[in-house]
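Have a look at target.txt below; it lists compact mmCIF, C-alpha atoms.
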```
# COMPACT_ATOMS: atom_id res chain seq x y z
CA MET H 1 -21.45 20.85 75.65
CA GLN H 2 -25.14 20.69 76.53
CA GLU H 3 -27.48 21.77 73.77
CA ALA H 4 -29.30 25.07 74.39
CA SER H 5 -32.97 24.67 75.34
CA ASP H 6 -35.75 26.15 73.20
CA GLY H 7 -36.16 28.86 75.85
CA ASP H 8 -32.43 29.70 75.82
CA LEU H 9 -32.57 30.05 72.03
CA LEU H 10 -35.54 32.46 72.30
CA VAL H 11 -33.62 34.60 74.79
CA ARG H 12 -30.65 34.76 72.42
CA ILE H 13 -32.95 35.56 69.49
CA GLY H 14 -34.37 38.42 71.57
CA ASP H 15 -30.80 39.71 71.85
CA GLY H 16 -30.48 39.69 68.04
CA ASP H 17 -28.62 36.38 67.61
CA GLU H 18 -29.37 35.22 64.04
CA ARG H 19 -27.64 31.88 64.58
CA ALA H 20 -29.97 31.14 67.48
CA LEU H 21 -32.92 31.74 65.14
CA ALA H 22 -31.40 29.34 62.61
CA ALA H 23 -30.93 26.74 65.36
CA LEU H 24 -34.53 27.14 66.55
CA TYR H 25 -35.75 26.82 62.96
CA ASP H 26 -33.73 23.66 62.43
CA ARG H 27 -35.20 22.18 65.59
CA LEU H 28 -38.84 23.21 65.25
CA SER H 29 -39.47 23.66 61.53
CA PRO H 30 -40.89 20.15 60.98
CA LEU H 31 -43.46 20.80 63.74
CA ALA H 32 -44.21 24.32 62.52
CA TYR H 33 -44.42 23.34 58.86
CA GLY H 34 -46.50 20.23 59.57
CA LEU H 35 -48.94 22.28 61.66
CA ALA H 36 -49.21 24.98 58.99
CA LEU H 37 -49.72 22.34 56.30
CA ARG H 38 -52.41 20.53 58.27
CA ILE H 39 -54.31 23.77 58.92
CA GLY H 40 -53.78 25.46 55.54
CA GLY H 41 -53.91 22.43 53.30
CA ASP H 42 -51.19 23.30 50.77
CA GLY H 43 -47.44 23.77 50.65
CA ASP H 44 -47.43 27.35 49.34
CA THR H 45 -49.61 28.54 52.21
CA ALA H 46 -47.51 26.60 54.70
CA ASP H 47 -44.34 28.21 53.28
CA ASP H 48 -45.81 31.71 53.72
CA VAL H 49 -47.12 30.98 57.21
CA VAL H 50 -43.86 29.51 58.49
CA GLN H 51 -41.82 32.35 56.98
CA GLU H 52 -44.10 34.96 58.56
CA ALA H 53 -44.03 33.06 61.86
CA PHE H 54 -40.26 32.98 62.11
CA LEU H 55 -40.02 36.65 61.18
CA ARG H 56 -42.40 37.40 64.05
CA ILE H 57 -40.37 35.16 66.35
CA TRP H 58 -37.32 37.20 65.35
CA ARG H 59 -39.10 40.49 66.17
CA ARG H 60 -41.02 39.36 69.26
CA ALA H 61 -38.73 36.86 71.00
CA ASP H 62 -38.15 39.41 73.75
CA ARG H 63 -41.88 39.16 74.57
CA TYR H 64 -41.66 35.42 75.35
CA ASP H 65 -42.63 34.80 78.97
CA ALA H 66 -41.38 31.44 80.22
CA SER H 67 -43.84 31.54 83.13
CA ARG H 68 -46.82 31.35 80.75
CA ASN H 69 -45.90 28.83 78.02
CA THR H 70 -43.11 26.49 77.07
CA ALA H 71 -40.96 28.01 74.32
CA ARG H 72 -42.08 25.31 71.92
CA ALA H 73 -45.76 25.98 72.65
CA TRP H 74 -45.22 29.75 72.23
CA VAL H 75 -43.76 29.15 68.77
CA LEU H 76 -46.47 26.66 67.77
CA ARG H 77 -49.26 28.95 68.99
CA LEU H 78 -47.86 31.73 66.83
CA VAL H 79 -47.74 29.39 63.80
CA ARG H 80 -51.23 28.06 64.52
CA ASN H 81 -52.79 31.51 64.83
CA LEU H 82 -51.20 32.72 61.60
CA ALA H 83 -52.22 29.54 59.76
CA ILE H 84 -55.84 29.82 60.94
CA ASP H 85 -56.04 33.51 59.96
CA ARG H 86 -54.67 32.68 56.53
CA ALA H 87 -57.03 29.71 56.08
CA ARG H 88 -60.03 31.82 57.07
CA SER H 89 -59.22 34.61 54.66
CA ALA H 90 -58.52 32.13 51.85
CA GLY H 91 -61.62 30.03 52.59
CA ALA H 92 -59.41 26.97 52.70
CA ARG H 93 -61.44 24.96 55.18
CA SER H 94 -62.34 22.20 52.75
CA ARG H 95 -58.69 21.71 51.79
CA ALA H 96 -57.64 21.52 55.43
CA GLU H 97 -60.16 18.80 56.15
CA GLN H 98 -58.63 16.69 53.39
CA ALA H 99 -55.06 17.03 54.66
CA SER H 100 -53.93 14.13 56.79
CA ALA H 101 -50.96 13.27 58.96
CA LYS H 102 -48.12 11.60 57.10
CA GLU H 103 -45.01 10.03 58.48
CA VAL H 104 -41.84 11.67 57.20
CA THR H 105 -38.68 9.74 57.90
CA SER H 106 -36.31 11.54 55.52
CA THR H 107 -33.91 13.97 57.18
CA THR H 108 -34.03 17.76 56.96
CA GLN H 109 -30.91 19.44 55.65
CA HIS H 110 -29.76 20.26 59.16
CA GLU H 111 -31.05 17.22 61.02
CA GLY H 112 -28.87 14.19 61.65
CA PRO H 113 -30.19 10.67 61.06
CA GLU H 114 -30.55 10.00 64.80
CA ASP H 115 -32.66 13.15 65.25
CA ALA H 116 -34.78 12.28 62.23
CA ALA H 117 -35.37 8.77 63.57
CA ALA H 118 -36.28 10.17 67.00
CA ARG H 119 -38.68 12.63 65.40
CA ALA H 120 -40.31 9.86 63.36
CA GLU H 121 -40.62 7.72 66.49
CA ARG H 122 -42.31 10.54 68.42
CA GLY H 123 -44.66 11.15 65.50
CA ARG H 124 -45.65 7.47 65.47
CA ASN H 125 -46.24 7.51 69.23
CA VAL H 126 -48.47 10.56 69.05
CA ARG H 127 -50.43 9.27 66.08
CA ALA H 128 -50.98 5.99 67.93
CA ALA H 129 -52.20 7.93 70.98
CA LEU H 130 -54.58 9.99 68.82
CA ASP H 131 -55.85 6.81 67.12
CA GLU H 132 -56.68 5.39 70.57
CA LEU H 133 -58.95 8.34 71.41
CA PRO H 134 -62.70 7.88 70.99
CA ALA H 135 -63.60 9.28 67.58
CA GLU H 136 -65.72 12.15 68.93
CA GLN H 137 -62.99 13.30 71.32
CA ARG H 138 -60.40 13.29 68.55
CA ARG H 139 -62.74 15.08 66.13
CA MET H 140 -63.49 17.92 68.53
CA ILE H 141 -59.84 18.27 69.52
CA GLU H 142 -58.88 18.62 65.86
CA ILE H 143 -61.61 21.20 65.23
CA ALA H 144 -60.51 23.29 68.22
CA TYR H 145 -56.78 23.13 67.56
CA PHE H 146 -56.75 23.14 63.75
CA GLU H 147 -59.77 25.26 62.84
CA GLY H 148 -59.72 27.71 65.74
CA LEU H 149 -63.40 27.45 66.62
CA SER H 150 -64.41 28.26 70.19
CA HIS H 151 -66.28 25.69 72.27
CA ALA H 152 -69.53 27.58 71.59
CA GLU H 153 -68.87 27.63 67.84
CA ILE H 154 -68.08 23.89 67.83
CA ALA H 155 -71.28 23.20 69.79
CA ALA H 156 -73.32 25.19 67.27
CA ARG H 157 -71.73 23.58 64.26
CA GLU H 158 -71.83 20.01 65.58
CA GLN H 159 -75.24 20.54 67.20
CA THR H 160 -73.86 19.20 70.45
CA PRO H 161 -74.38 20.71 73.91
CA LEU H 162 -71.62 23.12 74.97
CA GLY H 163 -70.85 21.08 78.10
CA THR H 164 -70.41 17.94 76.01
CA VAL H 165 -67.94 19.71 73.71
CA LYS H 166 -65.86 20.95 76.65
CA THR H 167 -65.90 17.53 78.32
CA ARG H 168 -64.94 15.65 75.16
CA ILE H 169 -62.00 17.93 74.43
CA ARG H 170 -60.78 17.93 78.03
CA ASP H 171 -61.14 14.15 78.39
CA GLY H 172 -59.27 13.62 75.12
CA VAL H 173 -56.42 15.90 76.15
CA LEU H 174 -56.21 14.23 79.57
CA ARG H 175 -55.95 10.83 77.84
CA LEU H 176 -53.10 12.16 75.71
CA ARG H 177 -51.32 13.43 78.81
CA ALA H 178 -51.77 10.09 80.58
CA ARG H 179 -50.40 8.29 77.52
CA PHE H 180 -47.30 10.50 77.48
CA GLU H 181 -46.70 10.22 81.15
CA ARG H 182 -46.11 6.54 80.42
CA GLY H 183 -43.74 7.34 77.53
CA ALA H 184 -42.13 10.76 76.98
CA LEU H 185 -43.44 13.05 74.22
CA HIS H 186 -40.09 14.78 74.00
CA ALA H 187 -37.25 12.36 73.29
CA MET B 1 -52.92 38.59 73.59
CA ARG B 2 -54.02 35.83 71.22
CA GLU B 3 -51.03 33.64 71.95
CA HIS B 4 -52.19 33.37 75.57
CA GLU B 5 -55.87 32.58 74.87
CA PRO B 6 -56.93 29.01 75.68
CA ILE B 7 -57.40 26.82 72.62
CA GLY B 8 -59.05 23.58 73.72
CA VAL B 9 -58.78 23.56 77.51
CA ASP B 10 -58.44 26.32 80.09
CA GLU B 11 -55.25 24.99 81.71
CA THR B 12 -52.24 26.28 79.80
CA PRO B 13 -49.89 23.29 80.39
CA LEU B 14 -52.59 20.87 79.15
CA ASP B 15 -53.45 23.14 76.24
CA ASP B 16 -49.79 23.42 75.24
CA LEU B 17 -49.30 19.65 75.53
CA ALA B 18 -52.22 19.01 73.18
CA LEU B 19 -50.92 21.51 70.62
CA GLU B 20 -47.40 20.07 70.76
CA ALA B 21 -48.75 16.53 70.41
CA LEU B 22 -50.84 17.44 67.38
CA ALA B 23 -47.84 19.18 65.81
CA GLU B 24 -45.69 16.09 66.43
CA ALA B 25 -48.34 13.92 64.79
CA HIS B 26 -48.18 16.03 61.63
CA ALA B 27 -44.45 16.85 61.62
CA THR B 28 -43.37 17.38 58.01
CA ARG B 29 -40.01 18.33 56.57
CA PRO B 30 -40.25 21.80 54.96
CA PRO B 31 -38.67 22.58 51.57
CA ALA B 32 -34.94 23.36 51.83
CA ALA B 33 -35.39 26.78 50.18
CA LEU B 34 -37.67 27.95 53.00
CA ARG B 35 -34.79 28.04 55.49
CA GLU B 36 -32.73 30.36 53.28
CA ALA B 37 -35.72 32.61 52.58
CA ILE B 38 -36.37 33.02 56.31
CA LEU B 39 -32.73 33.69 57.19
CA ALA B 40 -32.49 36.25 54.36
CA ALA B 41 -35.62 38.03 55.61
CA VAL B 42 -34.25 38.08 59.15
CA ARG B 43 -30.92 39.49 57.96
CA ALA B 44 -32.73 42.26 56.04
CA ASP B 45 -34.80 43.07 59.12
CA ALA B 46 -31.65 43.25 61.24
CA GLN B 47 -30.13 45.72 58.76
CA VAL B 48 -33.16 48.02 58.89
CA SER B 49 -33.04 47.95 62.70
CA ALA B 50 -29.32 48.79 62.59
CA LEU B 51 -30.09 51.75 60.29
CA ALA B 52 -32.69 53.02 62.76
CA ARG B 53 -30.12 52.80 65.57
CA SER B 54 -27.56 54.59 63.36
CA ARG B 55 -30.10 57.41 62.78
CA ARG B 56 -30.33 57.90 66.53
CA ARG B 57 -26.51 58.02 66.77
CA TRP B 58 -26.37 60.61 63.94
CA ARG B 59 -28.83 62.78 65.82
CA VAL B 60 -26.44 62.74 68.80
CA VAL B 61 -23.47 63.51 66.52
CA GLY B 62 -25.44 66.40 64.97
CA SER B 63 -26.21 67.79 68.42
CA ILE B 64 -22.55 67.54 69.48
CA ALA B 65 -21.45 69.23 66.25
CA ALA B 66 -23.94 72.05 66.87
CA VAL B 67 -22.61 72.56 70.42
CA LEU B 68 -19.00 72.61 69.17
CA VAL B 69 -19.80 75.15 66.45
CA LEU B 70 -21.64 77.40 68.90
CA GLY B 71 -18.76 77.08 71.37
CA LEU B 72 -16.26 77.99 68.65
CA VAL B 73 -18.36 80.98 67.65
CA GLY B 74 -18.52 82.07 71.31
CA LEU B 75 -14.71 81.81 71.62
CA LEU B 76 -14.27 83.74 68.39
CA ALA B 77 -16.65 86.45 69.61
CA ARG B 78 -14.74 86.81 72.92
CA GLY B 79 -11.45 86.86 71.05
CA VAL B 80 -12.70 89.63 68.81
CA GLN B 81 -13.56 91.80 71.81
CA ARG B 82 -10.06 91.54 73.29
CA LEU B 83 -8.07 92.17 70.12
CA THR B 84 -7.81 95.30 68.03
CA VAL B 85 -9.75 94.11 65.00
CA THR B 86 -10.00 95.76 61.67
CA GLY B 87 -13.22 96.01 59.72
CA ALA B 88 -11.87 93.57 57.12
CA GLN B 89 -11.07 90.92 59.77
CA LEU B 90 -14.60 91.24 61.21
CA ALA B 91 -16.11 90.79 57.77
CA ALA B 92 -14.02 87.64 57.21
CA LEU B 93 -15.12 86.18 60.55
CA SER B 94 -18.78 86.90 59.77
CA HIS B 95 -18.40 85.17 56.41
CA ASP B 96 -16.85 82.07 58.05
CA PHE B 97 -19.67 81.96 60.58
CA ALA B 98 -22.32 82.19 57.84
CA ALA B 99 -20.64 79.35 55.91
CA LEU B 100 -20.60 77.14 59.04
CA GLU B 101 -24.26 77.92 59.69
CA GLY B 102 -25.09 76.93 56.13
CA GLN B 103 -23.24 73.61 56.47
CA LEU B 104 -25.01 72.86 59.73
CA ALA B 105 -28.43 73.62 58.20
CA ALA B 106 -27.67 71.30 55.26
CA GLU B 107 -26.57 68.54 57.66
CA ARG B 108 -29.75 68.97 59.74
CA ASN B 109 -31.89 68.71 56.57
CA ARG B 110 -30.08 65.52 55.59
CA LEU B 111 -30.66 64.04 59.04
CA VAL B 112 -34.35 64.98 58.96
CA SER B 113 -34.73 63.38 55.53
CA LEU B 114 -32.93 60.24 56.71
CA GLN B 115 -35.08 60.18 59.83
CA GLU B 116 -38.27 60.48 57.74
CA THR B 117 -37.15 57.64 55.47
CA VAL B 118 -36.36 55.33 58.37
CA ASP B 119 -39.61 56.28 60.15
CA ALA B 120 -41.56 55.47 56.99
CA GLN B 121 -39.75 52.14 56.68
CA ALA B 122 -40.38 51.33 60.35
CA GLN B 123 -44.08 52.17 59.95
CA PHE B 124 -44.18 50.00 56.84
CA LEU B 125 -42.53 47.08 58.65
CA ARG B 126 -45.02 47.48 61.49
CA VAL B 127 -47.90 47.02 59.04
CA LEU B 128 -46.15 43.97 57.57
CA ASP B 129 -46.12 42.59 61.07
CA GLY B 130 -49.93 42.85 61.23
CA VAL B 131 -52.05 39.89 62.21
CA GLN B 132 -54.79 40.15 59.58
CA LEU B 133 -53.12 41.26 56.36
CA ARG B 134 -55.02 41.68 53.11
CA SER B 135 -53.42 42.98 49.95
CA ALA B 136 -54.30 44.76 46.73
CA SER B 137 -52.16 44.92 43.60
CA LEU B 138 -52.91 48.18 41.80
CA ALA B 139 -52.46 48.08 38.04
CA PRO B 140 -52.04 51.23 35.89
CA THR B 141 -54.92 52.50 33.80
CA GLU B 142 -54.41 52.35 30.05
CA GLY B 143 -51.34 54.10 28.76
CA ARG B 144 -49.93 54.89 32.21
CA PRO B 145 -46.71 53.58 33.74
CA GLY B 146 -46.07 52.16 37.17
CA ARG B 147 -47.76 49.88 39.66
CA ALA B 148 -48.52 49.81 43.36
CA ARG B 149 -49.21 47.40 46.16
CA VAL B 150 -51.29 48.04 49.26
CA LEU B 151 -50.99 45.87 52.36
CA LEU B 152 -53.94 46.40 54.67
CA ASP B 153 -53.80 45.31 58.33
CA ALA B 154 -57.46 44.72 59.12
CA GLU B 155 -56.74 44.59 62.87
CA SER B 156 -54.84 47.87 63.29
CA GLY B 157 -56.51 49.72 60.40
CA GLU B 158 -53.27 50.75 58.73
CA ALA B 159 -52.51 50.45 55.05
CA ALA B 160 -48.94 50.36 53.77
CA VAL B 161 -48.62 51.56 50.19
CA VAL B 162 -45.63 51.02 47.90
CA LEU B 163 -45.46 52.71 44.49
CA ALA B 164 -42.96 51.78 41.80
CA GLY B 165 -42.28 53.29 38.38
CA VAL B 166 -44.74 56.14 38.91
CA PRO B 167 -43.51 59.44 37.42
CA PRO B 168 -43.12 62.54 39.61
CA LEU B 169 -45.75 65.24 38.99
CA GLU B 170 -45.30 68.90 38.09
CA PRO B 171 -45.55 71.42 40.95
CA GLY B 172 -49.13 72.05 42.01
CA LYS B 173 -50.18 68.39 41.61
CA THR B 174 -50.10 65.37 43.88
CA TYR B 175 -51.04 61.69 43.82
CA GLU B 176 -53.91 60.84 46.17
CA LEU B 177 -54.90 57.40 47.49
CA TRP B 178 -58.59 56.41 47.70
CA ALA B 179 -60.18 53.62 49.75
CA ILE B 180 -63.29 52.18 48.12
CA ARG B 181 -65.98 50.32 50.02
CA GLY B 182 -68.26 48.46 47.62
CA LYS B 183 -70.42 50.91 45.69
CA ASN B 184 -69.79 53.83 48.08
CA ALA B 185 -67.99 56.94 46.92
CA PRO B 186 -64.17 56.73 47.20
CA GLU B 187 -62.79 58.06 50.48
CA PRO B 188 -59.49 59.96 50.75
CA ALA B 189 -56.71 57.83 52.26
CA GLY B 190 -53.68 60.11 52.02
CA LEU B 191 -51.33 61.85 49.63
CA LEU B 192 -48.42 60.01 47.99
CA ALA B 193 -45.20 61.88 47.24
CA VAL B 194 -43.02 60.62 44.38
CA ALA B 195 -39.92 62.71 44.93
CA ASP B 196 -37.63 61.71 42.11
CA ALA B 197 -37.23 59.84 38.83
CA SER B 198 -37.03 56.46 40.62
CA GLY B 199 -40.82 56.64 40.71
CA ALA B 200 -40.86 55.00 44.14
CA ALA B 201 -42.83 56.02 47.19
CA LEU B 202 -43.70 54.51 50.53
CA HIS B 203 -46.64 55.60 52.62
CA VAL B 204 -48.64 54.36 55.59
CA ALA B 205 -52.20 55.55 56.07
CA PRO B 206 -54.81 54.89 58.77
CA ILE B 207 -57.99 53.37 57.27
CA LYS B 208 -61.38 53.29 59.01
CA ALA B 209 -63.38 50.02 58.94
CA PRO B 210 -60.56 48.28 57.05
CA SER B 211 -62.42 44.98 56.65
CA GLU B 212 -65.03 46.79 54.50
CA VAL B 213 -62.54 48.15 51.95
CA THR B 214 -62.94 46.36 48.63
CA ALA B 215 -60.50 48.30 46.43
CA PHE B 216 -57.89 51.05 46.34
CA ALA B 217 -57.20 53.63 43.63
CA VAL B 218 -54.71 56.44 43.00
CA SER B 219 -55.56 59.62 41.11
CA ILE B 220 -53.82 62.92 40.25
CA GLU B 221 -55.22 65.83 42.29
CA PRO B 222 -54.28 69.45 42.99
CA ALA B 223 -51.50 69.92 45.59
CA GLY B 224 -52.95 69.44 49.07
CA GLY B 225 -55.38 66.79 47.85
CA SER B 226 -59.11 66.77 47.29
CA PRO B 227 -62.06 65.44 49.33
CA SER B 228 -63.30 63.51 46.28
CA PRO B 229 -61.57 62.48 43.05
CA THR B 230 -61.37 65.23 40.44
CA GLY B 231 -58.44 64.15 38.33
CA PRO B 232 -57.53 61.08 36.25
CA VAL B 233 -57.26 57.67 37.98
CA VAL B 234 -53.79 56.25 37.34
CA LEU B 235 -53.81 53.04 39.42
CA VAL B 236 -56.60 50.79 40.65
CA GLY B 237 -56.94 47.32 42.15
CA ALA B 238 -59.25 45.15 44.25
CA VAL B 239 -58.41 43.93 47.74
CA GLY B 240 -57.78 40.20 47.69
```

Render the structure in this file as structure tokens.
Amino acid sequence: MQEASDGDLLVRIGDGDERALAALYDRLSPLAYGLALRIGGDGDTADDVVQEAFLRIWRRADRYDASRNTARAWVLRLVRNLAIDRARSAGARSRAEQASAKEVTSTTQHEGPEDAAARAERGRNVRAALDELPAEQRRMIEIAYFEGLSHAEIAAREQTPLGTVKTRIRDGVLRLRARFERGALHA
Amino acid sequence: MREHEPIGVDETPLDDLALEALAEAHATRPPAALREAILAAVRADAQVSALARSRRRWRVVGSIAAVLVLGLVGLLARGVQRLTVTGAQLAALSHDFAALEGQLAAERNRLVSLQETVDAQAQFLRVLDGVQLRSASLAPTEGRPGRARVLLDAESGEAAVVLAGVPPLEPGKTYELWAIRGKNAPEPAGLLAVADASGAALHVAPIKAPSEVTAFAVSIEPAGGSPSPTGPVVLVGAVG
């Protein structure tokens, strides 16, 4: 039997299917938790953010519009926005800057060894792609996606022209896309 | 809506790809206990939603019951006209009708009370769902029992208040919530009703300029409330 897609699971969650929510959590929690940890800087904050995020997914899954975002991106945007709000109110910016990406190869409770290995492989691929980016492109991408600053705010903080900020982020993201078109992001 | 605003680039597929890639780069196994906490919260939320749906069904049942009773009374009235009825039989029928009316009124009151409880819970859950939540733990002043927690949604301007262990007041008195902005005078933020010995109350209040509120307090005021505090402060706490 073919596994349900992320979008199928969201539809079933919107119909009140608790098992679909558990399945989506099992599939996406490493991404959600890792994102919350990178933005917030500590495990307790990441716990709160991910719990709040999945409760909102439970209540708002019927608002997911497949024509606007992938299901995965919809979930991650929700996690990101919550994590940034929490980090801002807690003044946790300095902790977030110290957090770094770590490879986790151990399995989750509901993740088989093949899935864990695939996840670790994807993580390595993406980290390699990010390492290949020019430092300034990577830096501005991380500020935009992890700290939630607008292009204008990044330009002001980094004392860089607005056009340069936009170009660096866009060029960096285009390089990532080109890298993944050669090897799939999703296994 | 925020989830549709561009993050790094204006094209959504590119923007989503970047976010997914960054999440993959930082993928981290969460603690095992988090899964159970989330599923438990979802189950509890599903139960509250089921209760709200049940309230709507009860309202329908109440309406049907009312129609049946009125129909029965109509039949009885027509029957009385056709038969030769003694005064005693009429009195008995009137008594039965009054008893049915009383039962219906009691049932309606119970439904209204249930409806108010579920509405309050739904309002409370809506605040919990807020995007920019700040909270205040209110501790009792010396010698007083109880505690309270206020969750303030800075985006919608609603504050959800939960009291626990706070004694009911004698008739003619009420608890009143105050929103405090820095050194300004406290502003009224609603009355809190503790109905029984459980000492629990739930309340949702609209708050103006919520991001400026620095503390909340609860005092005892005359019934109907007061524009400024006159009675003793029983609970107070700063917004975190």

Pull out every residue of chain H that has at least one atom within 8 Å of chain B, counting only C-alpha atoms, and report them as a PyMOL selection string. chain H and resi 16+18+22+25+29-35+38+47+51+54-56+58+68-70+72-74+76-78+81-82+85+100-104+106-109+119+122-124+126-127+141+144-145+148+150-151+166+169-170+173-174+176-177+185

What does the file look like for those residues with C-alpha atoms, as a PDB file, in the coordinates of the input?
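Final output, result04.pdb:
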```
ATOM      1  CA  GLY H  16     -30.480  39.690  68.040  1.00  0.00           C
ATOM      2  CA  GLU H  18     -29.370  35.220  64.040  1.00  0.00           C
ATOM      3  CA  ALA H  22     -31.400  29.340  62.610  1.00  0.00           C
ATOM      4  CA  TYR H  25     -35.750  26.820  62.960  1.00  0.00           C
ATOM      5  CA  SER H  29     -39.470  23.660  61.530  1.00  0.00           C
ATOM      6  CA  PRO H  30     -40.890  20.150  60.980  1.00  0.00           C
ATOM      7  CA  LEU H  31     -43.460  20.800  63.740  1.00  0.00           C
ATOM      8  CA  ALA H  32     -44.210  24.320  62.520  1.00  0.00           C
ATOM      9  CA  TYR H  33     -44.420  23.340  58.860  1.00  0.00           C
ATOM     10  CA  GLY H  34     -46.500  20.230  59.570  1.00  0.00           C
ATOM     11  CA  LEU H  35     -48.940  22.280  61.660  1.00  0.00           C
ATOM     12  CA  ARG H  38     -52.410  20.530  58.270  1.00  0.00           C
ATOM     13  CA  ASP H  47     -44.340  28.210  53.280  1.00  0.00           C
ATOM     14  CA  GLN H  51     -41.820  32.350  56.980  1.00  0.00           C
ATOM     15  CA  PHE H  54     -40.260  32.980  62.110  1.00  0.00           C
ATOM     16  CA  LEU H  55     -40.020  36.650  61.180  1.00  0.00           C
ATOM     17  CA  ARG H  56     -42.400  37.400  64.050  1.00  0.00           C
ATOM     18  CA  TRP H  58     -37.320  37.200  65.350  1.00  0.00           C
ATOM     19  CA  ARG H  68     -46.820  31.350  80.750  1.00  0.00           C
ATOM     20  CA  ASN H  69     -45.900  28.830  78.020  1.00  0.00           C
ATOM     21  CA  THR H  70     -43.110  26.490  77.070  1.00  0.00           C
ATOM     22  CA  ARG H  72     -42.080  25.310  71.920  1.00  0.00           C
ATOM     23  CA  ALA H  73     -45.760  25.980  72.650  1.00  0.00           C
ATOM     24  CA  TRP H  74     -45.220  29.750  72.230  1.00  0.00           C
ATOM     25  CA  LEU H  76     -46.470  26.660  67.770  1.00  0.00           C
ATOM     26  CA  ARG H  77     -49.260  28.950  68.990  1.00  0.00           C
ATOM     27  CA  LEU H  78     -47.860  31.730  66.830  1.00  0.00           C
ATOM     28  CA  ASN H  81     -52.790  31.510  64.830  1.00  0.00           C
ATOM     29  CA  LEU H  82     -51.200  32.720  61.600  1.00  0.00           C
ATOM     30  CA  ASP H  85     -56.040  33.510  59.960  1.00  0.00           C
ATOM     31  CA  SER H 100     -53.930  14.130  56.790  1.00  0.00           C
ATOM     32  CA  ALA H 101     -50.960  13.270  58.960  1.00  0.00           C
ATOM     33  CA  LYS H 102     -48.120  11.600  57.100  1.00  0.00           C
ATOM     34  CA  GLU H 103     -45.010  10.030  58.480  1.00  0.00           C
ATOM     35  CA  VAL H 104     -41.840  11.670  57.200  1.00  0.00           C
ATOM     36  CA  SER H 106     -36.310  11.540  55.520  1.00  0.00           C
ATOM     37  CA  THR H 107     -33.910  13.970  57.180  1.00  0.00           C
ATOM     38  CA  THR H 108     -34.030  17.760  56.960  1.00  0.00           C
ATOM     39  CA  GLN H 109     -30.910  19.440  55.650  1.00  0.00           C
ATOM     40  CA  ARG H 119     -38.680  12.630  65.400  1.00  0.00           C
ATOM     41  CA  ARG H 122     -42.310  10.540  68.420  1.00  0.00           C
ATOM     42  CA  GLY H 123     -44.660  11.150  65.500  1.00  0.00           C
ATOM     43  CA  ARG H 124     -45.650   7.470  65.470  1.00  0.00           C
ATOM     44  CA  VAL H 126     -48.470  10.560  69.050  1.00  0.00           C
ATOM     45  CA  ARG H 127     -50.430   9.270  66.080  1.00  0.00           C
ATOM     46  CA  ILE H 141     -59.840  18.270  69.520  1.00  0.00           C
ATOM     47  CA  ALA H 144     -60.510  23.290  68.220  1.00  0.00           C
ATOM     48  CA  TYR H 145     -56.780  23.130  67.560  1.00  0.00           C
ATOM     49  CA  GLY H 148     -59.720  27.710  65.740  1.00  0.00           C
ATOM     50  CA  SER H 150     -64.410  28.260  70.190  1.00  0.00           C
ATOM     51  CA  HIS H 151     -66.280  25.690  72.270  1.00  0.00           C
ATOM     52  CA  LYS H 166     -65.860  20.950  76.650  1.00  0.00           C
ATOM     53  CA  ILE H 169     -62.000  17.930  74.430  1.00  0.00           C
ATOM     54  CA  ARG H 170     -60.780  17.930  78.030  1.00  0.00           C
ATOM     55  CA  VAL H 173     -56.420  15.900  76.150  1.00  0.00           C
ATOM     56  CA  LEU H 174     -56.210  14.230  79.570  1.00  0.00           C
ATOM     57  CA  LEU H 176     -53.100  12.160  75.710  1.00  0.00           C
ATOM     58  CA  ARG H 177     -51.320  13.430  78.810  1.00  0.00           C
ATOM     59  CA  LEU H 185     -43.440  13.050  74.220  1.00  0.00           C
TER      60      LEU H 185
END
```

Taking (-54.5, 70.0, 46.9) in the file's coordinates, which residues come within 10 Å, counting all atoms listed in the file, written as a ChimeraX atom specification? /B:172-176,191,220-227

Would you mind listing what lies within 6 Å of Val150 (chain B) as a count of residues only, with all atoms listed in the file counted and same-chain residues fewer than 5 positions away left out? 4

Skip Ala66 (chain B) itself and residues of its chain fewer than 4 positions away, then list as number ranges by chain all residues within 10 Å of it, counting all atoms listed in the file. B: 60-62, 70-72, 100-101, 104-105, 108

Would you pick out the contacts of region 130-140 of chain H at 8 Å or less, using all atoms listed in the file, so that residues sharing its chain but fewer than 5 positions from it are not included, and give the list as number ranges by chain? H: 154, 165, 168-169, 171-172, 175-176

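The space separating CA of Ser228 (chain B) from CA of Ala209 (chain B) comes to 18.5 Å.
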
The distance between CA of Ala66 (chain H) and CA of Ile84 (chain H) is 24.2 Å

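Across B:Leu125, B:Ala65, B:Ala40, B:Ala148, the tightest approach to Leu21 (chain H) is made by B:Ala40 when counting all atoms listed in the file.
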
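Compared by their closest atoms to Arg60 (chain H), and using all atoms listed in the file, the residues B:Val69, B:Leu235, B:Arg126, B:Glu170 rank with B:Arg126 nearest.
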
So how far away is CA of Arg56 (chain B) from CA of Phe97 (chain B), in Å? 27.0 Å

Around (-53.7, 48.3, 52.5) in the file's frame, which residues reach within 12 Å when counting all atoms listed in the file? Return as a VMD selection string? chain B and resid 124 127 to 128 130 132 to 138 148 to 162 177 to 180 189 to 190 202 to 217 237 to 240

Which residues are near region 2-7 of chain H? Cut-off 10 Å, all atoms listed in the file, ignore same chain within fewer than 5 positions. Put them as a ChimeraX atom specification. /H:12-13,20,23-24,27-28,61,64-66,69-72,74-75

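Minimum atom-to-atom distance to Asp96 (chain B), evaluated using only C-alpha atoms, belongs to B:Leu76 out of B:Leu76, B:Val234, B:Gln47, B:Ala193.
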
So that I can check the surroundings of Pro145 (chain B), please list as number ranges by chain every protein, DNA and RNA residue that reaches within 7 Å of it, counting only C-alpha atoms and ignoring chain neighbours fewer than 4 positions away. B: 140, 165-166
